[in-house]
file final_21.pdb (PDB, C-alpha atoms)
ATOM      1  CA  MET H   1     -38.012 -33.301  45.897  1.00  0.00           C
ATOM      2  CA  PRO H   2     -39.202 -34.165  42.370  1.00  0.00           C
ATOM      3  CA  GLY H   3     -39.988 -37.800  41.717  1.00  0.00           C
ATOM      4  CA  GLN H   4     -38.541 -40.248  39.223  1.00  0.00           C
ATOM      5  CA  ILE H   5     -39.660 -41.897  35.997  1.00  0.00           C
ATOM      6  CA  VAL H   6     -39.868 -45.551  34.904  1.00  0.00           C
ATOM      7  CA  LEU H   7     -39.389 -46.343  31.205  1.00  0.00           C
ATOM      8  CA  ALA H   8     -39.762 -50.126  30.797  1.00  0.00           C
ATOM      9  CA  GLY H   9     -39.385 -52.032  27.541  1.00  0.00           C
ATOM     10  CA  GLY H  10     -42.364 -54.399  27.816  1.00  0.00           C
ATOM     11  CA  GLU H  11     -43.462 -57.783  29.158  1.00  0.00           C
ATOM     12  CA  GLU H  12     -44.281 -56.174  32.483  1.00  0.00           C
ATOM     13  CA  PHE H  13     -45.256 -58.060  35.638  1.00  0.00           C
ATOM     14  CA  ARG H  14     -43.539 -61.319  34.568  1.00  0.00           C
ATOM     15  CA  LEU H  15     -40.690 -63.482  35.784  1.00  0.00           C
ATOM     16  CA  ARG H  16     -37.368 -61.616  35.892  1.00  0.00           C
ATOM     17  CA  CYS H  17     -39.132 -58.290  36.472  1.00  0.00           C
ATOM     18  CA  GLU H  18     -38.997 -58.725  40.254  1.00  0.00           C
ATOM     19  CA  GLU H  19     -35.521 -57.299  40.835  1.00  0.00           C
ATOM     20  CA  MET H  20     -36.058 -54.069  38.923  1.00  0.00           C
ATOM     21  CA  ASP H  21     -39.545 -53.503  40.326  1.00  0.00           C
ATOM     22  CA  SER H  22     -38.340 -54.182  43.874  1.00  0.00           C
ATOM     23  CA  PHE H  23     -35.659 -51.539  43.317  1.00  0.00           C
ATOM     24  CA  ILE H  24     -38.345 -49.077  42.202  1.00  0.00           C
ATOM     25  CA  LEU H  25     -40.487 -49.785  45.270  1.00  0.00           C
ATOM     26  CA  GLU H  26     -37.452 -49.347  47.518  1.00  0.00           C
ATOM     27  CA  ALA H  27     -36.738 -45.993  45.868  1.00  0.00           C
ATOM     28  CA  THR H  28     -40.102 -44.618  47.023  1.00  0.00           C
ATOM     29  CA  GLY H  29     -38.875 -44.653  50.610  1.00  0.00           C
ATOM     30  CA  LYS H  30     -42.343 -45.825  51.683  1.00  0.00           C
ATOM     31  CA  ARG H  31     -43.040 -48.986  53.717  1.00  0.00           C
ATOM     32  CA  PRO H  32     -45.220 -50.176  52.148  1.00  0.00           C
ATOM     33  CA  ALA H  33     -45.316 -48.270  48.887  1.00  0.00           C
ATOM     34  CA  ARG H  34     -48.741 -47.505  47.435  1.00  0.00           C
ATOM     35  CA  VAL H  35     -48.876 -48.517  43.748  1.00  0.00           C
ATOM     36  CA  LEU H  36     -51.595 -47.564  41.299  1.00  0.00           C
ATOM     37  CA  VAL H  37     -51.809 -49.617  38.064  1.00  0.00           C
ATOM     38  CA  LEU H  38     -53.561 -48.010  35.086  1.00  0.00           C
ATOM     39  CA  PRO H  39     -54.443 -50.305  32.126  1.00  0.00           C
ATOM     40  CA  THR H  40     -55.453 -47.405  29.874  1.00  0.00           C
ATOM     41  CA  ALA H  41     -53.322 -48.585  26.941  1.00  0.00           C
ATOM     42  CA  ALA H  42     -54.983 -52.012  27.150  1.00  0.00           C
ATOM     43  CA  ALA H  43     -58.506 -50.591  26.916  1.00  0.00           C
ATOM     44  CA  PHE H  44     -59.296 -52.744  23.855  1.00  0.00           C
ATOM     45  CA  SER H  45     -57.224 -55.808  24.750  1.00  0.00           C
ATOM     46  CA  GLY H  46     -58.203 -57.024  28.205  1.00  0.00           C
ATOM     47  CA  PRO H  47     -57.749 -54.123  30.614  1.00  0.00           C
ATOM     48  CA  GLU H  48     -59.072 -56.096  33.585  1.00  0.00           C
ATOM     49  CA  LYS H  49     -56.366 -58.752  33.190  1.00  0.00           C
ATOM     50  CA  ALA H  50     -53.649 -56.144  32.573  1.00  0.00           C
ATOM     51  CA  ALA H  51     -54.626 -54.334  35.763  1.00  0.00           C
ATOM     52  CA  SER H  52     -54.994 -57.442  37.917  1.00  0.00           C
ATOM     53  CA  ASP H  53     -51.635 -58.814  36.706  1.00  0.00           C
ATOM     54  CA  GLY H  54     -49.996 -55.587  37.845  1.00  0.00           C
ATOM     55  CA  VAL H  55     -51.779 -55.504  41.177  1.00  0.00           C
ATOM     56  CA  ARG H  56     -50.778 -59.104  41.967  1.00  0.00           C
ATOM     57  CA  HIS H  57     -47.186 -58.499  40.871  1.00  0.00           C
ATOM     58  CA  PHE H  58     -46.620 -55.450  43.045  1.00  0.00           C
ATOM     59  CA  ALA H  59     -48.517 -56.973  45.987  1.00  0.00           C
ATOM     60  CA  ARG H  60     -46.179 -59.986  45.879  1.00  0.00           C
ATOM     61  CA  LEU H  61     -43.286 -57.529  46.166  1.00  0.00           C
ATOM     62  CA  GLY H  62     -44.779 -56.027  49.333  1.00  0.00           C
ATOM     63  CA  ALA H  63     -46.638 -52.995  47.969  1.00  0.00           C
ATOM     64  CA  VAL H  64     -50.209 -51.954  48.637  1.00  0.00           C
ATOM     65  CA  ALA H  65     -51.403 -52.129  45.028  1.00  0.00           C
ATOM     66  CA  SER H  66     -54.694 -51.244  43.375  1.00  0.00           C
ATOM     67  CA  GLU H  67     -56.037 -50.602  39.899  1.00  0.00           C
ATOM     68  CA  LEU H  68     -57.420 -47.404  38.418  1.00  0.00           C
ATOM     69  CA  MET H  69     -59.658 -48.201  35.440  1.00  0.00           C
ATOM     70  CA  VAL H  70     -59.209 -45.078  33.366  1.00  0.00           C
ATOM     71  CA  LEU H  71     -59.901 -46.302  29.832  1.00  0.00           C
ATOM     72  CA  ASP H  72     -60.987 -43.275  27.799  1.00  0.00           C
ATOM     73  CA  GLN H  73     -60.785 -39.484  27.564  1.00  0.00           C
ATOM     74  CA  GLU H  74     -63.932 -38.880  29.573  1.00  0.00           C
ATOM     75  CA  GLN H  75     -62.661 -40.979  32.480  1.00  0.00           C
ATOM     76  CA  ALA H  76     -59.244 -39.278  32.270  1.00  0.00           C
ATOM     77  CA  SER H  77     -60.923 -35.999  33.196  1.00  0.00           C
ATOM     78  CA  ASP H  78     -63.364 -37.435  35.759  1.00  0.00           C
ATOM     79  CA  GLU H  79     -62.249 -35.683  38.940  1.00  0.00           C
ATOM     80  CA  GLU H  80     -63.992 -38.181  41.206  1.00  0.00           C
ATOM     81  CA  LEU H  81     -62.279 -41.126  39.517  1.00  0.00           C
ATOM     82  CA  ILE H  82     -58.765 -39.720  39.235  1.00  0.00           C
ATOM     83  CA  LYS H  83     -58.576 -38.414  42.787  1.00  0.00           C
ATOM     84  CA  ALA H  84     -57.189 -41.888  43.628  1.00  0.00           C
ATOM     85  CA  VAL H  85     -53.914 -40.729  42.034  1.00  0.00           C
ATOM     86  CA  SER H  86     -53.272 -38.304  44.889  1.00  0.00           C
ATOM     87  CA  GLY H  87     -50.683 -39.634  47.316  1.00  0.00           C
ATOM     88  CA  ALA H  88     -49.703 -42.713  45.286  1.00  0.00           C
ATOM     89  CA  SER H  89     -46.061 -43.748  45.597  1.00  0.00           C
ATOM     90  CA  VAL H  90     -45.907 -45.298  42.104  1.00  0.00           C
ATOM     91  CA  ILE H  91     -48.263 -44.576  39.185  1.00  0.00           C
ATOM     92  CA  TYR H  92     -47.693 -47.244  36.543  1.00  0.00           C
ATOM     93  CA  PHE H  93     -49.199 -47.564  33.051  1.00  0.00           C
ATOM     94  CA  THR H  94     -49.362 -50.995  31.420  1.00  0.00           C
ATOM     95  CA  GLY H  95     -48.589 -51.832  27.810  1.00  0.00           C
ATOM     96  CA  GLY H  96     -51.109 -51.887  24.979  1.00  0.00           C
ATOM     97  CA  SER H  97     -51.883 -49.238  22.365  1.00  0.00           C
ATOM     98  CA  PRO H  98     -49.603 -46.202  22.600  1.00  0.00           C
ATOM     99  CA  ASP H  99     -51.873 -44.260  20.231  1.00  0.00           C
ATOM    100  CA  HIS H 100     -54.904 -44.762  22.465  1.00  0.00           C
ATOM    101  CA  LEU H 101     -52.944 -43.983  25.621  1.00  0.00           C
ATOM    102  CA  LEU H 102     -51.493 -40.794  24.170  1.00  0.00           C
ATOM    103  CA  GLU H 103     -54.868 -39.589  22.882  1.00  0.00           C
ATOM    104  CA  THR H 104     -56.497 -40.362  26.233  1.00  0.00           C
ATOM    105  CA  LEU H 105     -53.949 -38.511  28.338  1.00  0.00           C
ATOM    106  CA  GLN H 106     -53.207 -35.443  26.208  1.00  0.00           C
ATOM    107  CA  GLY H 107     -54.883 -32.380  27.682  1.00  0.00           C
ATOM    108  CA  SER H 108     -56.553 -34.410  30.443  1.00  0.00           C
ATOM    109  CA  LYS H 109     -56.952 -33.682  34.122  1.00  0.00           C
ATOM    110  CA  LEU H 110     -55.224 -37.007  34.756  1.00  0.00           C
ATOM    111  CA  LEU H 111     -52.110 -35.680  33.030  1.00  0.00           C
ATOM    112  CA  ASP H 112     -52.209 -32.620  35.277  1.00  0.00           C
ATOM    113  CA  CYS H 113     -52.418 -34.980  38.280  1.00  0.00           C
ATOM    114  CA  LEU H 114     -49.460 -37.009  37.046  1.00  0.00           C
ATOM    115  CA  GLN H 115     -47.310 -33.898  36.737  1.00  0.00           C
ATOM    116  CA  ARG H 116     -48.382 -32.690  40.166  1.00  0.00           C
ATOM    117  CA  GLU H 117     -47.661 -36.023  41.838  1.00  0.00           C
ATOM    118  CA  LEU H 118     -44.311 -36.326  40.051  1.00  0.00           C
ATOM    119  CA  ASN H 119     -43.332 -32.876  41.276  1.00  0.00           C
ATOM    120  CA  ALA H 120     -44.358 -33.955  44.801  1.00  0.00           C
ATOM    121  CA  GLY H 121     -42.021 -36.978  44.723  1.00  0.00           C
ATOM    122  CA  ALA H 122     -44.067 -39.820  43.216  1.00  0.00           C
ATOM    123  CA  ILE H 123     -42.651 -42.289  40.703  1.00  0.00           C
ATOM    124  CA  VAL H 124     -44.484 -42.173  37.355  1.00  0.00           C
ATOM    125  CA  GLY H 125     -44.000 -44.391  34.330  1.00  0.00           C
ATOM    126  CA  GLY H 126     -44.937 -47.554  32.585  1.00  0.00           C
ATOM    127  CA  SER H 127     -44.056 -50.359  30.233  1.00  0.00           C
ATOM    128  CA  SER H 128     -43.991 -50.470  26.413  1.00  0.00           C
ATOM    129  CA  ALA H 129     -46.874 -48.141  25.412  1.00  0.00           C
ATOM    130  CA  GLY H 130     -46.791 -46.781  28.958  1.00  0.00           C
ATOM    131  CA  ALA H 131     -43.161 -45.768  28.453  1.00  0.00           C
ATOM    132  CA  MET H 132     -43.482 -44.577  24.861  1.00  0.00           C
ATOM    133  CA  VAL H 133     -45.966 -41.803  25.660  1.00  0.00           C
ATOM    134  CA  MET H 134     -43.761 -40.389  28.437  1.00  0.00           C
ATOM    135  CA  GLY H 135     -41.189 -38.955  26.049  1.00  0.00           C
ATOM    136  CA  SER H 136     -41.118 -35.653  24.183  1.00  0.00           C
ATOM    137  CA  MET H 137     -41.697 -37.579  20.959  1.00  0.00           C
ATOM    138  CA  MET H 138     -43.233 -40.960  20.143  1.00  0.00           C
ATOM    139  CA  ARG H 139     -43.030 -43.137  17.029  1.00  0.00           C
ATOM    140  CA  ARG H 140     -46.444 -44.547  16.090  1.00  0.00           C
ATOM    141  CA  PRO H 141     -46.127 -48.336  15.575  1.00  0.00           C
ATOM    142  CA  SER H 142     -48.480 -48.453  12.574  1.00  0.00           C
ATOM    143  CA  SER H 143     -47.165 -45.567  10.472  1.00  0.00           C
ATOM    144  CA  ARG H 144     -43.712 -45.091  12.050  1.00  0.00           C
ATOM    145  CA  GLU H 145     -44.604 -41.398  12.089  1.00  0.00           C
ATOM    146  CA  TRP H 146     -43.042 -39.332  14.870  1.00  0.00           C
ATOM    147  CA  VAL H 147     -45.530 -37.334  16.940  1.00  0.00           C
ATOM    148  CA  GLN H 148     -45.379 -35.228  20.073  1.00  0.00           C
ATOM    149  CA  GLY H 149     -45.463 -37.196  23.331  1.00  0.00           C
ATOM    150  CA  LEU H 150     -46.454 -36.097  26.823  1.00  0.00           C
ATOM    151  CA  GLY H 151     -43.011 -34.656  27.606  1.00  0.00           C
ATOM    152  CA  ILE H 152     -42.820 -36.138  31.096  1.00  0.00           C
ATOM    153  CA  ALA H 153     -39.377 -37.493  30.163  1.00  0.00           C
ATOM    154  CA  GLU H 154     -38.192 -34.342  28.416  1.00  0.00           C
ATOM    155  CA  GLY H 155     -35.931 -34.714  25.375  1.00  0.00           C
ATOM    156  CA  ILE H 156     -36.369 -38.508  25.323  1.00  0.00           C
ATOM    157  CA  ALA H 157     -38.070 -41.014  23.012  1.00  0.00           C
ATOM    158  CA  VAL H 158     -38.533 -44.722  23.805  1.00  0.00           C
ATOM    159  CA  LEU H 159     -38.371 -47.728  21.474  1.00  0.00           C
ATOM    160  CA  PRO H 160     -39.679 -50.717  23.500  1.00  0.00           C
ATOM    161  CA  HIS H 161     -39.140 -54.460  22.949  1.00  0.00           C
ATOM    162  CA  HIS H 162     -35.733 -53.519  21.586  1.00  0.00           C
ATOM    163  CA  GLU H 163     -34.271 -57.013  21.901  1.00  0.00           C
ATOM    164  CA  ARG H 164     -35.863 -57.589  18.482  1.00  0.00           C
ATOM    165  CA  SER H 165     -33.853 -54.825  16.789  1.00  0.00           C
ATOM    166  CA  ASP H 166     -30.431 -54.382  15.154  1.00  0.00           C
ATOM    167  CA  PRO H 167     -28.878 -51.291  16.783  1.00  0.00           C
ATOM    168  CA  ALA H 168     -26.690 -50.437  13.791  1.00  0.00           C
ATOM    169  CA  ARG H 169     -29.679 -50.386  11.458  1.00  0.00           C
ATOM    170  CA  VAL H 170     -31.808 -48.447  13.945  1.00  0.00           C
ATOM    171  CA  ALA H 171     -29.051 -45.851  14.379  1.00  0.00           C
ATOM    172  CA  GLN H 172     -28.962 -45.238  10.617  1.00  0.00           C
ATOM    173  CA  GLU H 173     -32.755 -44.848  10.464  1.00  0.00           C
ATOM    174  CA  LEU H 174     -32.883 -42.479  13.434  1.00  0.00           C
ATOM    175  CA  ALA H 175     -30.150 -40.297  11.945  1.00  0.00           C
ATOM    176  CA  ARG H 176     -32.473 -39.688   8.974  1.00  0.00           C
ATOM    177  CA  THR H 177     -35.769 -39.274  10.835  1.00  0.00           C
ATOM    178  CA  VAL H 178     -35.338 -37.536  14.211  1.00  0.00           C
ATOM    179  CA  PRO H 179     -33.878 -34.157  15.202  1.00  0.00           C
ATOM    180  CA  PRO H 180     -30.308 -34.408  16.501  1.00  0.00           C
ATOM    181  CA  GLU H 181     -31.235 -33.079  19.949  1.00  0.00           C
ATOM    182  CA  LEU H 182     -33.648 -35.991  20.580  1.00  0.00           C
ATOM    183  CA  LYS H 183     -32.173 -38.817  22.679  1.00  0.00           C
ATOM    184  CA  VAL H 184     -33.675 -42.209  21.828  1.00  0.00           C
ATOM    185  CA  LEU H 185     -33.625 -45.157  24.242  1.00  0.00           C
ATOM    186  CA  GLY H 186     -34.111 -48.651  22.850  1.00  0.00           C
ATOM    187  CA  ILE H 187     -35.195 -50.701  25.870  1.00  0.00           C
ATOM    188  CA  ASP H 188     -35.399 -54.511  26.001  1.00  0.00           C
ATOM    189  CA  ALA H 189     -38.382 -56.317  27.511  1.00  0.00           C
ATOM    190  CA  ARG H 190     -38.325 -56.827  31.309  1.00  0.00           C
ATOM    191  CA  THR H 191     -35.753 -54.004  31.511  1.00  0.00           C
ATOM    192  CA  CYS H 192     -36.106 -50.312  32.279  1.00  0.00           C
ATOM    193  CA  CYS H 193     -34.475 -46.942  32.588  1.00  0.00           C
ATOM    194  CA  PHE H 194     -35.198 -45.468  35.995  1.00  0.00           C
ATOM    195  CA  GLY H 195     -34.512 -41.913  37.075  1.00  0.00           C
ATOM    196  CA  THR H 196     -34.850 -38.578  35.317  1.00  0.00           C
ATOM    197  CA  PRO H 197     -33.476 -37.069  32.087  1.00  0.00           C
ATOM    198  CA  GLY H 198     -29.743 -36.717  32.616  1.00  0.00           C
ATOM    199  CA  SER H 199     -29.698 -39.346  35.367  1.00  0.00           C
ATOM    200  CA  TRP H 200     -30.916 -42.751  34.103  1.00  0.00           C
ATOM    201  CA  ARG H 201     -30.044 -46.091  35.698  1.00  0.00           C
ATOM    202  CA  VAL H 202     -30.576 -49.352  33.796  1.00  0.00           C
ATOM    203  CA  LEU H 203     -32.413 -52.103  35.682  1.00  0.00           C
ATOM    204  CA  GLY H 204     -33.347 -55.621  34.575  1.00  0.00           C
ATOM    205  CA  PRO H 205     -31.856 -58.561  32.656  1.00  0.00           C
ATOM    206  CA  GLY H 206     -31.794 -56.941  29.192  1.00  0.00           C
ATOM    207  CA  ARG H 207     -30.009 -53.987  27.631  1.00  0.00           C
ATOM    208  CA  VAL H 208     -30.725 -50.352  26.914  1.00  0.00           C
ATOM    209  CA  ILE H 209     -29.354 -48.902  23.683  1.00  0.00           C
ATOM    210  CA  ALA H 210     -28.804 -45.143  23.803  1.00  0.00           C
ATOM    211  CA  TYR H 211     -28.976 -43.462  20.380  1.00  0.00           C
ATOM    212  CA  GLN H 212     -27.932 -39.965  19.385  1.00  0.00           C
ATOM    213  CA  ASN H 213     -26.536 -38.369  16.232  1.00  0.00           C
ATOM    214  CA  GLY H 214     -26.323 -41.646  14.315  1.00  0.00           C
ATOM    215  CA  SER H 215     -24.332 -43.509  16.981  1.00  0.00           C
ATOM    216  CA  TRP H 216     -25.340 -45.989  19.672  1.00  0.00           C
ATOM    217  CA  THR H 217     -24.059 -47.389  22.961  1.00  0.00           C
ATOM    218  CA  ALA H 218     -25.306 -50.412  24.936  1.00  0.00           C
ATOM    219  CA  PHE H 219     -25.842 -50.369  28.715  1.00  0.00           C
ATOM    220  CA  SER H 220     -26.627 -53.191  31.148  1.00  0.00           C
ATOM    221  CA  SER H 221     -28.253 -53.459  34.567  1.00  0.00           C
ATOM    222  CA  GLY H 222     -26.733 -51.170  37.186  1.00  0.00           C
ATOM    223  CA  GLN H 223     -25.044 -48.902  34.674  1.00  0.00           C
ATOM    224  CA  ILE H 224     -25.759 -45.169  34.560  1.00  0.00           C
ATOM    225  CA  LEU H 225     -26.336 -43.491  31.202  1.00  0.00           C
ATOM    226  CA  PRO H 226     -24.164 -40.469  30.326  1.00  0.00           C
ATOM    227  CA  GLN H 227     -25.397 -37.127  31.631  1.00  0.00           C
ATOM    228  CA  GLY H 228     -26.301 -36.078  28.092  1.00  0.00           C
ATOM    229  CA  PHE H 229     -29.228 -38.493  28.283  1.00  0.00           C
TER     230      PHE H 229
END
call {"tool": "encode", "arguments": {"input": "final_21.pdb", "output": "structure tokens"}}
result
Amino acid sequence: MPGQIVLAGGEEFRLRCEEMDSFILEATGKRPARVLVLPTAAAFSGPEKAASDGVRHFARLGAVASELMVLDQEQASDEELIKAVSGASVIYFTGGSPDHLLETLQGSKLLDCLQRELNAGAIVGGSSAGAMVMGSMMRRPSSREWVQGLGIAEGIAVLPHHERSDPARVAQELARTVPPELKVLGIDARTCCFGTPGSWRVLGPGRVIAYQNGSWTAFSSGQILPQGF
């Protein structure tokens, strides 16, 4: 059975993340779940702390958690290093630079491993930058240019930290800048979409704003997005 995807809006591993992350661990069906935390996006902003924060967080929730320090393109295709991905219940990317994360993963052996593990039933995803790269398209924070993402969450794009945004204004901008078939999810911090394209559940204390064709709808924890997403 194919696995599921986590698209979190940021501020991972903090207070009020426990309920949604416990739900994700429960969904693995493993006791305990094996979680692998990758701080690739934080390569230039304290990857050791990003990884250790994630390991402590998931360990407190009852998982067997460890870090995988893949920080650049060479490491992302190091077969000896990335073999740790095999058999993980949850593979989770921290926040940081989405540009660096995307460039590191594109065309890598690690990306091949992620797809293989997802197809085998693992949960794959991440927070902020870690969620942004999962979609079919990604908006670069610096230039606001739309570029091709990894396509793990097919047909989806993620706008993280969305509690800072005005949905009406964002909807107008997206109507001018993205193709109509692209579904855009604005996800608040400490909140996530969990599932697969066409079957997303909202978890966490914030909201998810679903955008398409110039319109938007807000969803809260426990709600299921329409099948079109």
call {"tool": "resolve_selection", "arguments": {"input": "final_21.pdb", "expression": "the PyMOL selection byres ((chain H and resi 75-79) around 12)", "output": "number ranges by chain"}}
result
H: 38, 40, 43, 68-74, 80-86, 101-114
call {"tool": "closest_residue", "arguments": {"input": "final_21.pdb", "among": "H:Leu25, H:Ala33, H:Met134, H:Ala63", "to": "Thr196 in chain H", "atoms": "all atoms listed in the file"}}
result
H:Met134
call {"tool": "closest_residue", "arguments": {"input": "final_21.pdb", "among": "H:Leu185, H:Ala153, H:Val178, H:Ala171", "to": "Gly214 in chain H", "atoms": "only C-alpha atoms"}}
result
H:Ala171
call {"tool": "axis_aligned_box", "arguments": {"input": "final_21.pdb", "around": "range 155-172 of chain H", "padding_each_side": "3 Å", "output": "lines of an AutoDock Vina configuration file"}}
result
center_x = -33.2
center_y = -46.2
center_z = 18.0
size_x = 19.0
size_y = 28.9
size_z = 20.8
call {"tool": "resolve_selection", "arguments": {"input": "final_21.pdb", "expression": "the PyMOL selection byres ((chain H and resi 218) around 12)", "output": "ChimeraX atom specification"}}
result
/H:162-163,166-168,185-188,202,206-211,215-217,219-221,223-226
call {"tool": "resolve_selection", "arguments": {"input": "final_21.pdb", "expression": "the PyMOL selection byres ((chain H and resi 128) around 9)", "output": "CSV table (one decimal) with C-alpha atoms, keeping the file's coordinate frame"}}
result
chain,number,residue,atom,x,y,z
H,7,LEU,CA,-39.4,-46.3,31.2
H,8,ALA,CA,-39.8,-50.1,30.8
H,9,GLY,CA,-39.4,-52.0,27.5
H,10,GLY,CA,-42.4,-54.4,27.8
H,11,GLU,CA,-43.5,-57.8,29.2
H,12,GLU,CA,-44.3,-56.2,32.5
H,93,PHE,CA,-49.2,-47.6,33.1
H,94,THR,CA,-49.4,-51.0,31.4
H,95,GLY,CA,-48.6,-51.8,27.8
H,96,GLY,CA,-51.1,-51.9,25.0
H,97,SER,CA,-51.9,-49.2,22.4
H,98,PRO,CA,-49.6,-46.2,22.6
H,126,GLY,CA,-44.9,-47.6,32.6
H,127,SER,CA,-44.1,-50.4,30.2
H,129,ALA,CA,-46.9,-48.1,25.4
H,130,GLY,CA,-46.8,-46.8,29.0
H,131,ALA,CA,-43.2,-45.8,28.5
H,132,MET,CA,-43.5,-44.6,24.9
H,133,VAL,CA,-46.0,-41.8,25.7
H,158,VAL,CA,-38.5,-44.7,23.8
H,159,LEU,CA,-38.4,-47.7,21.5
H,160,PRO,CA,-39.7,-50.7,23.5
H,161,HIS,CA,-39.1,-54.5,22.9
H,187,ILE,CA,-35.2,-50.7,25.9
H,189,ALA,CA,-38.4,-56.3,27.5
call {"tool": "residues_around", "arguments": {"input": "final_21.pdb", "residues": "Ser66 in chain H", "least_positions_apart": "2", "cutoff": "12 Å", "atoms": "all atoms listed in the file", "output": "ChimeraX atom specification"}}
result
/H:33-39,48,50-59,63-64,68-69,84-85,88-92
call {"tool": "closest_residue", "arguments": {"input": "final_21.pdb", "among": "H:Leu182, H:Val170, H:Ala175, H:Ile123", "to": "Glu154 in chain H", "atoms": "all atoms listed in the file"}}
result
H:Leu182
call {"tool": "build_atoms", "arguments": {"input": "final_21.pdb", "residues": "range 169-181 of chain H", "atoms": "N, CA and C atoms", "output": "compact mmCIF listing (two decimals), in the coordinates of the input"}}
result
# COMPACT_ATOMS: atom_id res chain seq x y z
N ARG H 169 -28.66 -50.77 12.43
CA ARG H 169 -29.68 -50.39 11.46
C ARG H 169 -30.59 -49.30 12.03
N VAL H 170 -30.96 -49.45 13.30
CA VAL H 170 -31.81 -48.45 13.94
C VAL H 170 -31.10 -47.10 13.99
N ALA H 171 -29.81 -47.10 14.30
CA ALA H 171 -29.05 -45.85 14.38
C ALA H 171 -29.07 -45.12 13.04
N GLN H 172 -28.93 -45.86 11.94
CA GLN H 172 -28.96 -45.24 10.62
C GLN H 172 -30.34 -44.63 10.33
N GLU H 173 -31.40 -45.36 10.68
CA GLU H 173 -32.76 -44.85 10.46
C GLU H 173 -33.02 -43.60 11.29
N LEU H 174 -32.63 -43.62 12.56
CA LEU H 174 -32.88 -42.48 13.43
C LEU H 174 -32.13 -41.24 12.97
N ALA H 175 -30.93 -41.44 12.43
CA ALA H 175 -30.15 -40.30 11.94
C ALA H 175 -30.87 -39.57 10.82
N ARG H 176 -31.73 -40.29 10.08
CA ARG H 176 -32.47 -39.69 8.97
C ARG H 176 -33.83 -39.10 9.41
N THR H 177 -34.36 -39.56 10.55
CA THR H 177 -35.77 -39.27 10.84
C THR H 177 -36.04 -38.47 12.09
N VAL H 178 -35.07 -38.29 12.98
CA VAL H 178 -35.34 -37.54 14.21
C VAL H 178 -34.38 -36.36 14.33
N PRO H 179 -34.79 -35.29 15.00
CA PRO H 179 -33.88 -34.16 15.20
C PRO H 179 -32.68 -34.56 16.05
N PRO H 180 -31.52 -33.97 15.80
CA PRO H 180 -30.31 -34.41 16.50
C PRO H 180 -30.35 -34.23 18.01
N GLU H 181 -31.18 -33.30 18.50
CA GLU H 181 -31.24 -33.08 19.95
C GLU H 181 -32.06 -34.14 20.67
